[in-house]
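What follows is query_22.txt (compact mmCIF, C-alpha atoms and all ligand atoms).
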# COMPACT_ATOMS: atom_id res chain seq x y z
CA MET G 134 19.65 27.32 3.48
CA THR G 135 19.62 23.68 4.02
CA ARG G 136 21.02 21.04 5.04
CA TRP G 137 24.13 18.95 5.27
CA ASN G 138 24.77 17.08 8.40
CA ASN G 139 28.36 18.33 8.46
CA GLY G 140 29.50 15.21 10.18
CA LEU G 141 27.57 16.00 13.35
CA ASP G 142 26.52 12.93 15.23
CA GLU G 143 23.20 14.43 15.95
CA VAL G 144 21.12 15.39 12.99
CA GLU G 145 19.73 18.84 13.54
CA ARG G 146 16.94 20.64 11.88
CA VAL G 147 17.89 23.69 9.89
CA SER G 148 14.97 25.55 11.40
CA GLU G 149 13.09 24.87 14.58
CA ASP G 150 9.94 24.26 12.64
CA ILE G 151 9.15 23.78 9.00
CA THR G 152 6.82 26.70 8.51
CA ASP G 153 9.17 28.04 5.85
CA GLU G 154 7.92 26.41 2.65
CA THR G 155 11.36 25.40 1.49
CA ASN G 156 11.99 23.29 4.57
CA ALA G 157 11.24 19.62 4.37
CA LEU G 158 10.61 17.50 7.41
CA PRO G 159 14.06 16.64 8.80
CA ALA G 160 15.54 13.44 7.40
CA GLN G 161 15.39 11.54 10.67
CA TYR G 162 11.59 11.47 10.39
CA PHE G 163 11.97 9.23 7.38
CA THR G 164 14.51 6.86 8.86
CA ASP G 165 14.00 6.36 12.61
CA ARG G 166 12.36 3.31 14.11
CA GLU G 167 11.03 5.43 16.98
CA VAL G 168 9.28 7.75 14.57
CA HIS G 169 7.60 4.76 12.95
CA GLU G 170 6.39 3.61 16.37
CA MET G 171 5.23 7.12 17.27
CA GLU G 172 3.27 7.42 14.04
CA LYS G 173 1.15 4.40 14.95
CA GLU G 174 -0.40 6.49 17.68
CA LYS G 175 0.00 10.06 16.52
CA VAL G 176 -0.89 9.61 12.88
CA PHE G 177 -2.62 6.28 12.33
CA GLY G 178 -4.26 6.30 15.75
CA ARG G 179 -5.65 9.79 15.40
CA TYR G 180 -6.83 10.58 11.88
CA TRP G 181 -9.41 8.94 9.65
CA ILE G 182 -7.79 6.09 7.79
CA TYR G 183 -9.19 4.41 4.70
CA ALA G 184 -10.39 0.90 5.48
CA GLY G 185 -11.81 -0.27 2.17
CA HIS G 186 -14.61 -0.10 -0.36
CA ALA G 187 -18.22 -0.79 0.60
CA ASN G 188 -18.95 -2.49 -2.75
CA CYS G 189 -16.66 -5.33 -1.78
CA VAL G 190 -19.02 -6.33 1.04
CA PRO G 191 -22.49 -6.06 -0.55
CA GLU G 192 -24.33 -8.70 1.53
CA PRO G 193 -24.90 -8.96 5.30
CA GLY G 194 -22.07 -10.95 6.83
CA ASP G 195 -19.60 -10.08 4.04
CA HIS G 196 -16.37 -8.99 5.66
CA PHE G 197 -12.70 -8.28 5.16
CA THR G 198 -9.85 -7.51 7.52
CA ARG G 199 -7.65 -4.46 7.62
CA THR G 200 -4.54 -3.85 9.73
CA ILE G 201 -3.74 -0.28 10.75
CA GLY G 202 -0.60 0.12 12.84
CA ASP G 203 -0.80 -2.78 15.29
CA SER G 204 -4.58 -2.99 15.18
CA GLU G 205 -6.35 -5.72 13.25
CA LEU G 206 -9.89 -4.81 12.27
CA ILE G 207 -12.84 -6.67 10.80
CA VAL G 208 -14.95 -4.59 8.42
CA VAL G 209 -18.36 -6.18 8.04
CA ARG G 210 -21.78 -5.45 6.51
CA ASP G 211 -24.38 -5.96 9.25
CA HIS G 212 -27.98 -7.20 8.99
CA GLU G 213 -29.27 -3.63 8.60
CA GLY G 214 -26.95 -3.05 5.65
CA GLU G 215 -24.53 -0.79 7.51
CA VAL G 216 -20.80 -1.31 7.15
CA ARG G 217 -19.19 -1.49 10.60
CA ALA G 218 -15.73 -2.14 11.93
CA TYR G 219 -14.63 -4.10 14.99
CA TYR G 220 -11.30 -4.93 16.52
CA ASN G 221 -10.48 -8.49 15.51
CA VAL G 222 -10.21 -9.37 19.18
CA CYS G 223 -12.40 -11.75 21.16
CA ALA G 224 -13.94 -10.39 24.36
CA HIS G 225 -13.16 -13.67 26.13
CA ARG G 226 -9.40 -14.01 26.27
CA GLY G 227 -8.40 -11.71 23.50
CA SER G 228 -7.77 -14.09 20.64
CA ALA G 229 -7.77 -12.78 17.11
CA MET G 230 -10.82 -14.34 15.50
CA VAL G 231 -10.78 -13.92 11.75
CA GLU G 232 -7.77 -14.84 9.63
CA GLU G 233 -6.45 -12.24 7.22
CA THR G 234 -9.11 -11.73 4.57
CA PRO G 235 -8.33 -9.25 1.83
CA MET G 236 -11.03 -6.99 0.43
CA THR G 237 -10.45 -8.65 -2.96
CA ASP G 238 -11.58 -12.00 -1.56
CA PRO G 239 -14.03 -11.17 1.25
CA GLY G 240 -15.45 -13.75 3.59
CA ASN G 241 -19.08 -14.26 4.51
CA ALA G 242 -20.41 -15.41 7.86
CA ARG G 243 -23.76 -15.09 9.60
CA ARG G 244 -21.94 -14.66 12.89
CA ILE G 245 -18.40 -13.93 13.98
CA ARG G 246 -17.13 -16.92 15.88
CA CYS G 247 -13.89 -17.08 17.82
CA PRO G 248 -12.11 -20.34 17.00
CA TYR G 249 -10.49 -20.57 20.44
CA HIS G 250 -13.48 -21.38 22.73
CA LEU G 251 -16.26 -20.66 20.26
CA TRP G 252 -17.69 -17.50 21.68
CA THR G 253 -20.01 -16.24 18.97
CA TYR G 254 -21.00 -12.68 18.12
CA ASP G 255 -23.80 -11.25 16.04
CA LEU G 256 -22.95 -8.89 13.18
CA ASP G 257 -23.96 -6.02 15.49
CA GLY G 258 -21.13 -7.11 17.77
CA SER G 259 -23.23 -8.52 20.61
CA LEU G 260 -22.32 -11.83 22.17
CA THR G 261 -24.94 -14.37 21.12
CA ASN G 262 -23.53 -17.69 22.22
CA THR G 263 -21.04 -19.31 24.46
CA PRO G 264 -20.55 -23.08 24.64
CA LYS G 265 -22.02 -25.15 27.47
CA SER G 266 -18.68 -25.13 29.27
CA PHE G 267 -19.25 -21.49 30.20
CA GLU G 268 -22.52 -22.33 31.95
CA ASP G 269 -21.62 -25.29 34.14
CA ALA G 270 -18.74 -25.62 36.53
CA ARG G 271 -18.13 -29.33 36.38
CA LEU G 272 -14.34 -29.03 36.54
CA ASN G 273 -14.32 -26.45 39.31
CA PRO G 274 -15.05 -27.93 42.74
CA ASP G 275 -15.30 -24.45 44.26
CA LEU G 276 -18.36 -23.55 42.21
CA GLU G 277 -21.88 -24.91 41.89
CA ASP G 278 -23.43 -24.69 38.44
CA GLY G 279 -26.05 -22.36 39.84
CA GLU G 280 -23.37 -19.93 40.97
CA VAL G 281 -21.96 -19.41 37.50
CA ALA G 282 -22.76 -15.83 36.54
CA GLU G 283 -24.49 -15.37 33.24
CA LEU G 284 -22.46 -13.46 30.70
CA ASP G 285 -23.79 -10.01 29.90
CA ALA G 286 -24.13 -9.93 26.09
CA ASP G 287 -23.59 -6.18 25.84
CA ARG G 288 -20.66 -5.93 28.19
CA ASN G 289 -19.01 -8.77 26.34
CA ALA G 290 -19.73 -7.39 22.90
CA LEU G 291 -17.04 -6.86 20.31
CA LEU G 292 -15.23 -3.55 20.54
CA GLU G 293 -16.47 -1.39 17.72
CA VAL G 294 -14.27 1.07 15.87
CA ARG G 295 -15.73 4.39 14.75
CA SER G 296 -16.34 4.36 11.02
CA ASP G 297 -17.76 6.76 8.47
CA ARG G 298 -17.92 7.00 4.71
CA ILE G 299 -17.25 9.20 1.73
CA GLY G 300 -19.49 7.58 -0.87
CA PRO G 301 -18.40 3.94 -0.99
CA PHE G 302 -15.07 4.64 0.74
CA VAL G 303 -15.15 3.37 4.32
CA PHE G 304 -12.88 5.13 6.82
CA VAL G 305 -12.15 4.23 10.42
CA ASN G 306 -10.78 6.21 13.31
CA LEU G 307 -8.96 4.40 16.12
CA HIS G 308 -8.93 7.35 18.51
CA ASP G 309 -11.24 7.25 21.56
CA ASP G 310 -12.27 10.82 20.92
CA PRO G 311 -11.27 11.80 17.38
CA PRO G 312 -10.04 15.38 17.14
CA LEU G 313 -11.80 15.73 13.77
CA SER G 314 -14.84 14.22 12.14
CA LEU G 315 -14.30 12.60 8.75
CA GLU G 316 -16.26 15.48 7.27
CA GLU G 317 -13.88 18.00 8.84
CA GLN G 318 -10.81 16.08 7.77
CA ALA G 319 -12.07 15.65 4.20
CA GLY G 320 -13.34 19.21 3.66
CA ALA G 321 -14.35 19.94 0.08
CA MET G 322 -13.11 16.53 -1.07
CA LYS G 323 -16.11 14.83 0.50
CA ASP G 324 -18.66 16.80 -1.54
CA GLU G 325 -16.59 16.54 -4.70
CA LEU G 326 -16.29 12.79 -4.48
CA GLU G 327 -19.85 12.25 -3.36
CA ALA G 328 -21.07 14.13 -6.44
CA LEU G 329 -19.58 11.33 -8.57
CA PRO G 330 -21.18 7.89 -9.02
CA LEU G 331 -18.25 6.12 -7.38
CA GLY G 332 -20.49 3.38 -6.02
CA GLU G 333 -21.45 2.28 -9.52
CA TYR G 334 -17.94 1.04 -10.22
CA GLN G 335 -16.54 -2.33 -9.22
CA LEU G 336 -13.14 -3.35 -7.98
CA ALA G 337 -11.50 -4.86 -11.04
CA ARG G 338 -7.82 -5.23 -10.13
CA ARG G 339 -5.58 -4.97 -7.09
CA TYR G 340 -1.80 -4.84 -7.12
CA VAL G 341 0.15 -4.91 -3.88
CA SER G 342 3.80 -3.88 -3.91
CA GLU G 343 6.32 -3.74 -1.12
CA VAL G 344 8.65 -0.83 -1.56
CA GLU G 345 11.83 -0.03 0.34
CA CYS G 346 11.20 3.47 1.52
CA ASN G 347 9.35 5.33 4.22
CA TRP G 348 5.65 5.82 3.41
CA LYS G 349 6.03 9.62 3.49
CA VAL G 350 8.73 9.46 0.82
CA PHE G 351 6.24 7.86 -1.54
CA GLY G 352 3.53 10.28 -0.37
CA GLY G 353 5.79 13.18 -1.31
CA ASN G 354 6.58 11.66 -4.67
CA TYR G 355 2.87 11.26 -5.43
CA SER G 356 2.25 14.90 -4.52
CA GLU G 357 4.41 16.59 -7.14
CA CYS G 358 5.12 16.20 -10.80
CA ASP G 359 8.36 18.11 -11.08
CA HIS G 360 9.94 14.70 -11.52
CA CYS G 361 7.60 13.64 -14.32
CA GLN G 362 9.40 15.12 -17.31
CA ALA G 363 12.60 13.29 -16.48
CA ASN G 364 11.13 10.08 -15.10
CA HIS G 365 7.78 9.40 -16.76
CA GLN G 366 8.68 10.30 -20.30
CA GLU G 367 6.13 8.05 -21.95
CA TRP G 368 3.27 9.28 -19.80
CA VAL G 369 3.98 13.00 -20.12
CA GLU G 370 3.89 12.73 -23.91
CA GLY G 371 0.11 12.72 -23.67
CA LEU G 372 -0.08 15.54 -21.14
CA GLU G 373 -0.05 19.30 -21.20
CA LEU G 374 2.28 19.39 -18.25
CA MET G 375 2.50 23.17 -18.18
CA ASP G 376 -1.27 23.32 -17.68
CA SER G 377 -1.26 21.20 -14.57
CA GLU G 378 -2.45 22.76 -11.33
CA LEU G 379 -2.04 22.02 -7.68
CA GLU G 380 -4.85 22.76 -5.29
CA VAL G 381 -4.15 22.59 -1.57
CA ASP G 382 -6.74 22.18 1.17
CA ASP G 383 -6.30 21.50 4.89
CA TYR G 384 -5.90 17.74 4.81
CA HIS G 385 -5.85 17.02 1.11
CA TRP G 386 -4.44 18.35 -2.11
CA VAL G 387 -5.43 17.75 -5.69
CA LEU G 388 -3.16 17.49 -8.70
CA HIS G 389 -4.91 18.39 -11.93
CA TYR G 390 -3.43 17.27 -15.22
CA LYS G 391 -4.67 18.10 -18.70
CA HIS G 392 -4.56 15.54 -21.43
CA LYS G 393 -3.49 16.72 -24.86
CA GLU G 394 -6.34 14.89 -26.55
CA ASP G 395 -9.88 15.42 -25.44
CA VAL G 396 -11.48 12.23 -24.33
CA ASP G 397 -15.13 11.58 -24.98
CA ASP G 398 -17.10 12.58 -21.89
CA GLU G 399 -19.30 9.53 -22.36
CA VAL G 400 -16.44 7.34 -21.28
CA ARG G 401 -15.34 9.33 -18.26
CA ILE G 402 -16.50 9.28 -14.68
CA HIS G 403 -15.95 12.97 -14.15
CA ASP G 404 -16.86 15.64 -16.59
CA GLU G 405 -13.79 17.76 -17.07
CA HIS G 406 -11.16 16.91 -19.64
CA GLU G 407 -8.55 16.30 -17.05
CA ALA G 408 -7.14 13.77 -14.68
CA LYS G 409 -7.43 14.54 -10.97
CA PHE G 410 -5.35 12.97 -8.25
CA TYR G 411 -6.44 13.48 -4.65
CA TYR G 412 -3.97 12.93 -1.84
CA PHE G 413 -5.84 12.56 1.43
CA TRP G 414 -3.77 12.77 4.60
CA PRO G 415 -2.27 10.59 5.82
CA ASN G 416 -2.10 7.66 3.39
CA PHE G 417 -4.94 7.45 0.88
CA THR G 418 -5.23 8.69 -2.68
CA VAL G 419 -8.08 8.76 -5.17
CA ASN G 420 -6.96 8.68 -8.76
CA MET G 421 -9.33 10.03 -11.37
CA TYR G 422 -8.02 9.08 -14.74
CA GLY G 423 -8.14 11.25 -17.78
CA THR G 424 -8.24 8.45 -20.30
CA ALA G 425 -10.33 5.67 -18.84
CA ASN G 426 -13.81 5.37 -17.45
CA GLY G 427 -12.86 4.43 -13.96
CA TYR G 428 -10.89 5.46 -10.94
CA GLY G 429 -8.33 4.05 -8.62
CA THR G 430 -7.15 4.29 -5.06
CA TYR G 431 -3.79 3.91 -3.39
CA ILE G 432 -3.29 2.87 0.19
CA ILE G 433 0.21 3.80 1.34
CA ASP G 434 0.63 1.60 4.40
CA PRO G 435 3.84 1.77 6.43
CA ILE G 436 5.46 -1.59 7.23
CA ASP G 437 8.32 -0.10 9.19
CA GLU G 438 10.43 3.05 9.00
CA ASN G 439 11.98 2.15 5.66
CA ARG G 440 9.38 -0.03 3.98
CA PHE G 441 5.79 0.47 2.94
CA GLN G 442 3.15 -1.40 1.04
CA LEU G 443 1.38 0.19 -1.88
CA VAL G 444 -2.09 -1.24 -2.43
CA ALA G 445 -3.28 -0.07 -5.83
CA ASP G 446 -6.96 -0.75 -6.54
CA TYR G 447 -8.65 -0.15 -9.90
CA TYR G 448 -12.39 0.38 -10.30
CA PHE G 449 -14.21 0.03 -13.58
CA GLN G 450 -17.81 -0.53 -14.56
CA ASP G 451 -17.29 -4.23 -14.30
CA SER G 452 -14.41 -6.48 -13.39
CA GLU G 453 -13.84 -7.64 -16.98
CA LEU G 454 -11.27 -5.26 -18.43
CA SER G 455 -11.71 -3.95 -21.94
CA ASP G 456 -8.51 -3.65 -24.01
CA GLU G 457 -8.37 0.07 -23.24
CA GLU G 458 -8.78 -0.54 -19.53
CA ALA G 459 -6.11 -3.24 -19.52
CA GLU G 460 -3.79 -0.86 -21.34
CA PHE G 461 -4.61 1.81 -18.81
CA VAL G 462 -3.75 -0.45 -15.88
CA ARG G 463 -0.51 -1.36 -17.62
CA THR G 464 0.44 2.31 -17.92
CA SER G 465 -0.44 2.93 -14.31
CA ARG G 466 1.74 0.00 -13.24
CA GLN G 467 4.58 1.38 -15.29
CA LEU G 468 4.25 4.74 -13.51
CA GLN G 469 4.40 2.94 -10.18
CA GLU G 470 7.51 1.00 -11.15
CA GLU G 471 9.18 4.20 -12.29
CA ASP G 472 8.27 5.91 -9.03
CA PHE G 473 9.41 2.97 -6.90
CA GLU G 474 12.91 3.40 -8.30
CA LEU G 475 12.91 7.08 -7.45
CA VAL G 476 11.66 6.71 -3.90
CA GLU G 477 13.95 3.81 -3.06
CA ARG G 478 16.89 5.85 -4.29
CA GLN G 479 15.77 8.83 -2.22
CA GLN G 480 15.43 6.65 0.86
CA ARG G 481 19.01 5.44 0.44
CA GLY G 482 20.19 9.03 0.41
CA LEU G 483 18.13 9.96 3.45
CA GLU G 484 19.53 6.99 5.34
CA SER G 485 23.12 7.84 4.51
CA GLY G 486 23.17 10.38 7.33
CA ALA G 487 24.66 13.00 5.02
CA ILE G 488 21.58 15.15 4.84
CA ALA G 489 19.83 16.59 7.87
CA GLN G 490 16.95 18.24 6.10
CA ALA G 491 16.00 18.44 2.47
CA GLN G 492 14.81 21.57 0.74
CA LEU G 493 11.70 21.95 -1.31
CA GLY G 494 11.11 23.78 -4.53
CA PRO G 495 8.39 26.36 -5.19
CA ASN G 496 6.09 23.78 -6.81
CA GLU G 497 6.53 21.33 -4.00
CA HIS G 498 4.18 23.13 -1.64
CA THR G 499 2.01 20.01 -1.67
CA VAL G 500 4.96 18.01 -0.38
CA HIS G 501 5.46 20.71 2.22
CA ARG G 502 1.80 20.34 3.24
CA LEU G 503 2.35 16.60 3.76
CA HIS G 504 5.43 17.26 5.90
CA LEU G 505 3.70 20.00 7.84
CA LEU G 506 0.77 17.71 8.66
CA ALA G 507 3.25 15.11 9.88
CA GLN G 508 4.93 17.65 12.11
CA GLU G 509 1.57 18.85 13.40
CA ALA G 510 0.61 15.28 14.22
CA TYR G 511 3.90 14.57 16.01
CA GLU G 512 3.51 17.67 18.16
CA ALA G 513 -0.18 17.19 18.99
S1 LIG G 601 -10.53 -16.29 23.32
FE1 LIG G 601 -12.23 -16.22 22.02
S2 LIG G 601 -13.53 -17.74 22.78
FE2 LIG G 601 -11.88 -17.77 24.12
FE FE G 602 5.86 9.83 -10.39

The structure given in the file should be rewritten as structure tokens.
Ligand code: FES
Ligand SMILES: [Fe+2]
Amino acid sequence: MTRWNNGLDEVERVSEDITDETNALPAQYFTDREVHEMEKEKVFGRYWIYAGHANCVPEPGDHFTRTIGDSELIVVRDHEGEVRAYYNVCAHRGSAMVEETPMTDPGNARRIRCPYHLWTYDLDGSLTNTPKSFEDARLNPDLEDGEVAELDADRNALLEVRSDRIGPFVFVNLHDDPPLSLEEQAGAMKDELEALPLGEYQLARRYVSEVECNWKVFGGNYSECDHCQANHQEWVEGLELMDSELEVDDYHWVLHYKHKEDVDDEVRIHDEHEAKFYYFWPNFTVNMYGTANGYGTYIIDPIDENRFQLVADYYFQDSELSDEEAEFVRTSRQLQEEDFELVERQQRGLESGAIAQAQLGPNEHTVHRLHLLAQEAYEA
């Protein structure tokens, strides 16, 4: 049915929509700069996006930054113990205030202070202090000191970003009026994850990789294992690949894999003898491992139309890795490296202009779900 471009200048879709399960999202959606720009609003400005892990900011004033699309955010634990998010933008003249601070090395501050003219905000976002120069008008002959209006602390507060949580996972939504609550977007995944003691595990390792492909190419690769036999030979040795299952929900899907050897339940976070991989639209995954007492997350952040950053975080009971855990992380890294090769090669093909629209196999309905959600977002 698909798919060659046949030398046409304009790449056309094979079908008007992609409701047929064998139709992938047309290739141009993986290669165009305009699509990347559009996604900042239609995807990353609309859905709930993972911001980070609440355990990384245990004390009031602990904070990290997170960039989503063009928006820089500060995620901070306030004095009441709530984790909140603000735009990293000063209410005075719009300066960014906090330098990039990764979740792996959070900052701590009793107040958020803008370095430009030292406006200072409480952790609840309210303006608490401005320097003397905002109260007197000594350099302005047109004004008496008494005429200087007092700054309204609330109206000059930091702009807060809506946030919500699934267990320790903090999500933000940049939309003024989000079309879905986090609960609606997460569906059954929220209850499933909240039934696990995710908060008892600590961030032990983070690996950040820049990969030369569109973020959805990697998302699709994560969502199927038809490529595993050929490309992850070492890993599949320990799996009953034929027993794997794919479960598809509205905004997430779960890949279940069975390990050949039973693993002692005492050393597992979840109680079935399987590994579970959750893909949560648009760019977050939760990785429940079959052979280690821990879990991981991926953040699949677009950089531009043909590059993304994979942030792979590993959570174990403490940050010291046992030999088994270190071995586990090594295997996981190997899987990533193997996948990076595949997705970069696929991106090259998509960019060649030869293919207008790929086709999907019968076990790639999870990939189709990802593409369908993208199309839905673009058309909303
Ligand atoms: S821009 Fe922040 S204090 Fe002036
Ligand atoms: Fe893979």

Near-ligand residues for ligand LIG 601 (chain G), threshold 8 Å, only C-alpha atoms and all ligand atoms, as a PDB file with C-alpha atoms, in the frame of the given file:
ATOM      1  CA  VAL G 222     -10.210  -9.370  19.180  1.00  0.00           C
ATOM      2  CA  CYS G 223     -12.400 -11.750  21.160  1.00  0.00           C
ATOM      3  CA  ALA G 224     -13.940 -10.390  24.360  1.00  0.00           C
ATOM      4  CA  HIS G 225     -13.160 -13.670  26.130  1.00  0.00           C
ATOM      5  CA  ARG G 226      -9.400 -14.010  26.270  1.00  0.00           C
ATOM      6  CA  GLY G 227      -8.400 -11.710  23.500  1.00  0.00           C
ATOM      7  CA  SER G 228      -7.770 -14.090  20.640  1.00  0.00           C
ATOM      8  CA  ALA G 229      -7.770 -12.780  17.110  1.00  0.00           C
ATOM      9  CA  MET G 230     -10.820 -14.340  15.500  1.00  0.00           C
ATOM     10  CA  ARG G 246     -17.130 -16.920  15.880  1.00  0.00           C
ATOM     11  CA  CYS G 247     -13.890 -17.080  17.820  1.00  0.00           C
ATOM     12  CA  PRO G 248     -12.110 -20.340  17.000  1.00  0.00           C
ATOM     13  CA  TYR G 249     -10.490 -20.570  20.440  1.00  0.00           C
ATOM     14  CA  HIS G 250     -13.480 -21.380  22.730  1.00  0.00           C
ATOM     15  CA  LEU G 251     -16.260 -20.660  20.260  1.00  0.00           C
ATOM     16  CA  TRP G 252     -17.690 -17.500  21.680  1.00  0.00           C
ATOM     17  CA  THR G 253     -20.010 -16.240  18.970  1.00  0.00           C
ATOM     18  CA  THR G 263     -21.040 -19.310  24.460  1.00  0.00           C
TER      19      THR G 263
END

Legend entry - One-decimal distance in Å that lies between CA of Glu192 (chain G) and CA of Phe449 (chain G):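 A separation of 20.2 Å between them.
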
Inset, instruction - Have a look at CA of Glu474 (chain G) and CA of Val387 (chain G) and let me know their distance in Å, one decimal. - result: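 Between CA of Glu474 (chain G) and CA of Val387 (chain G) the gap is 23.4 Å.
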
Legend entry - Pick from G:Val369, G:Met171, G:Ala187, G:Leu326, whichever lies nearest to ligand FE 602 (chain G) using only C-alpha atoms and all ligand atoms: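 Of the candidates, the smallest distance to ligand FE 602 (chain G) is held by G:Val369.
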
Inset, instruction - Determine the nearest neighbour of ligand FE 602 (chain G) from the options G:Asp211, G:Glu367, G:Glu232, G:Glu343, counting all atoms listed in the file. - result: G:Glu367

Residues of chain G at most 10 Å from ligand FE 602 (chain G): nearest atom pair and distance in Å, all atoms listed in the file, as a tab-separated table:
residue	atom	partner	partner_atom	distance
G:Phe351	CA	G:FE602	FE	9.1
G:Gly353	CA	G:FE602	FE	9.7
G:Asn354	CA	G:FE602	FE	6.0
G:Tyr355	CA	G:FE602	FE	6.0
G:Ser356	CA	G:FE602	FE	8.6
G:Glu357	CA	G:FE602	FE	7.6
G:Cys358	CA	G:FE602	FE	6.4
G:Asp359	CA	G:FE602	FE	8.7
G:His360	CA	G:FE602	FE	6.5
G:Cys361	CA	G:FE602	FE	5.7
G:Gln362	CA	G:FE602	FE	9.4
G:Ala363	CA	G:FE602	FE	9.7
G:Asn364	CA	G:FE602	FE	7.1
G:His365	CA	G:FE602	FE	6.7
G:Trp368	CA	G:FE602	FE	9.8
G:Gln467	CA	G:FE602	FE	9.9
G:Leu468	CA	G:FE602	FE	6.2
G:Gln469	CA	G:FE602	FE	7.0
G:Glu470	CA	G:FE602	FE	9.0
G:Glu471	CA	G:FE602	FE	6.8
G:Asp472	CA	G:FE602	FE	4.8
G:Phe473	CA	G:FE602	FE	8.5
G:Glu474	CA	G:FE602	FE	9.8
G:Leu475	CA	G:FE602	FE	8.1
G:Val476	CA	G:FE602	FE	9.2

Inset, instruction - One decimal, Å: what's the distance from CA of Val303 (chain G) over to CA of Thr200 (chain G), could you say? - result: 13.9 Å

Legend entry - Which of G:Gln442, G:Gln480, G:Thr424, G:Asn289 sits closest to Ala459 (chain G) [using only C-alpha atoms]: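 Counting only C-alpha atoms, the residue closest to Ala459 (chain G) is G:Thr424.
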
Legend entry - All residues 9 Å or closer to Trp348 (chain G), all atoms listed in the file, same chain fewer than 3 positions away omitted, as a PyMOL selection string: chain G and resi 163+344+351-353+416+433-443

Restricting it to C-alpha atoms, dump the selection as a PDB file, in the frame of the given file.
ATOM      1  CA  PHE G 163      11.970   9.230   7.380  1.00  0.00           C
ATOM      2  CA  VAL G 344       8.650  -0.830  -1.560  1.00  0.00           C
ATOM      3  CA  PHE G 351       6.240   7.860  -1.540  1.00  0.00           C
ATOM      4  CA  GLY G 352       3.530  10.280  -0.370  1.00  0.00           C
ATOM      5  CA  GLY G 353       5.790  13.180  -1.310  1.00  0.00           C
ATOM      6  CA  ASN G 416      -2.100   7.660   3.390  1.00  0.00           C
ATOM      7  CA  ILE G 433       0.210   3.800   1.340  1.00  0.00           C
ATOM      8  CA  ASP G 434       0.630   1.600   4.400  1.00  0.00           C
ATOM      9  CA  PRO G 435       3.840   1.770   6.430  1.00  0.00           C
ATOM     10  CA  ILE G 436       5.460  -1.590   7.230  1.00  0.00           C
ATOM     11  CA  ASP G 437       8.320  -0.100   9.190  1.00  0.00           C
ATOM     12  CA  GLU G 438      10.430   3.050   9.000  1.00  0.00           C
ATOM     13  CA  ASN G 439      11.980   2.150   5.660  1.00  0.00           C
ATOM     14  CA  ARG G 440       9.380  -0.030   3.980  1.00  0.00           C
ATOM     15  CA  PHE G 441       5.790   0.470   2.940  1.00  0.00           C
ATOM     16  CA  GLN G 442       3.150  -1.400   1.040  1.00  0.00           C
ATOM     17  CA  LEU G 443       1.380   0.190  -1.880  1.00  0.00           C
TER      18      LEU G 443
END

Legend entry - Selected residue, from G:Val444, G:Ala184, G:Leu503, G:Met322, that lies nearest to Asp297 (chain G) when counting only C-alpha atoms: G:Ala184

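Using only C-alpha atoms, the shortest contact distance between Thr234 (chain G) and any of G:Lys175, G:Arg217, G:Lys323, G:His196 is found at G:His196.
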
Legend entry - Shell around region 391-395 of chain G at 8 Å using all atoms listed in the file, local window under 4 positions removed, as an MDAnalysis selection string: chainID G and resid 371:374 376:377 406:408 423
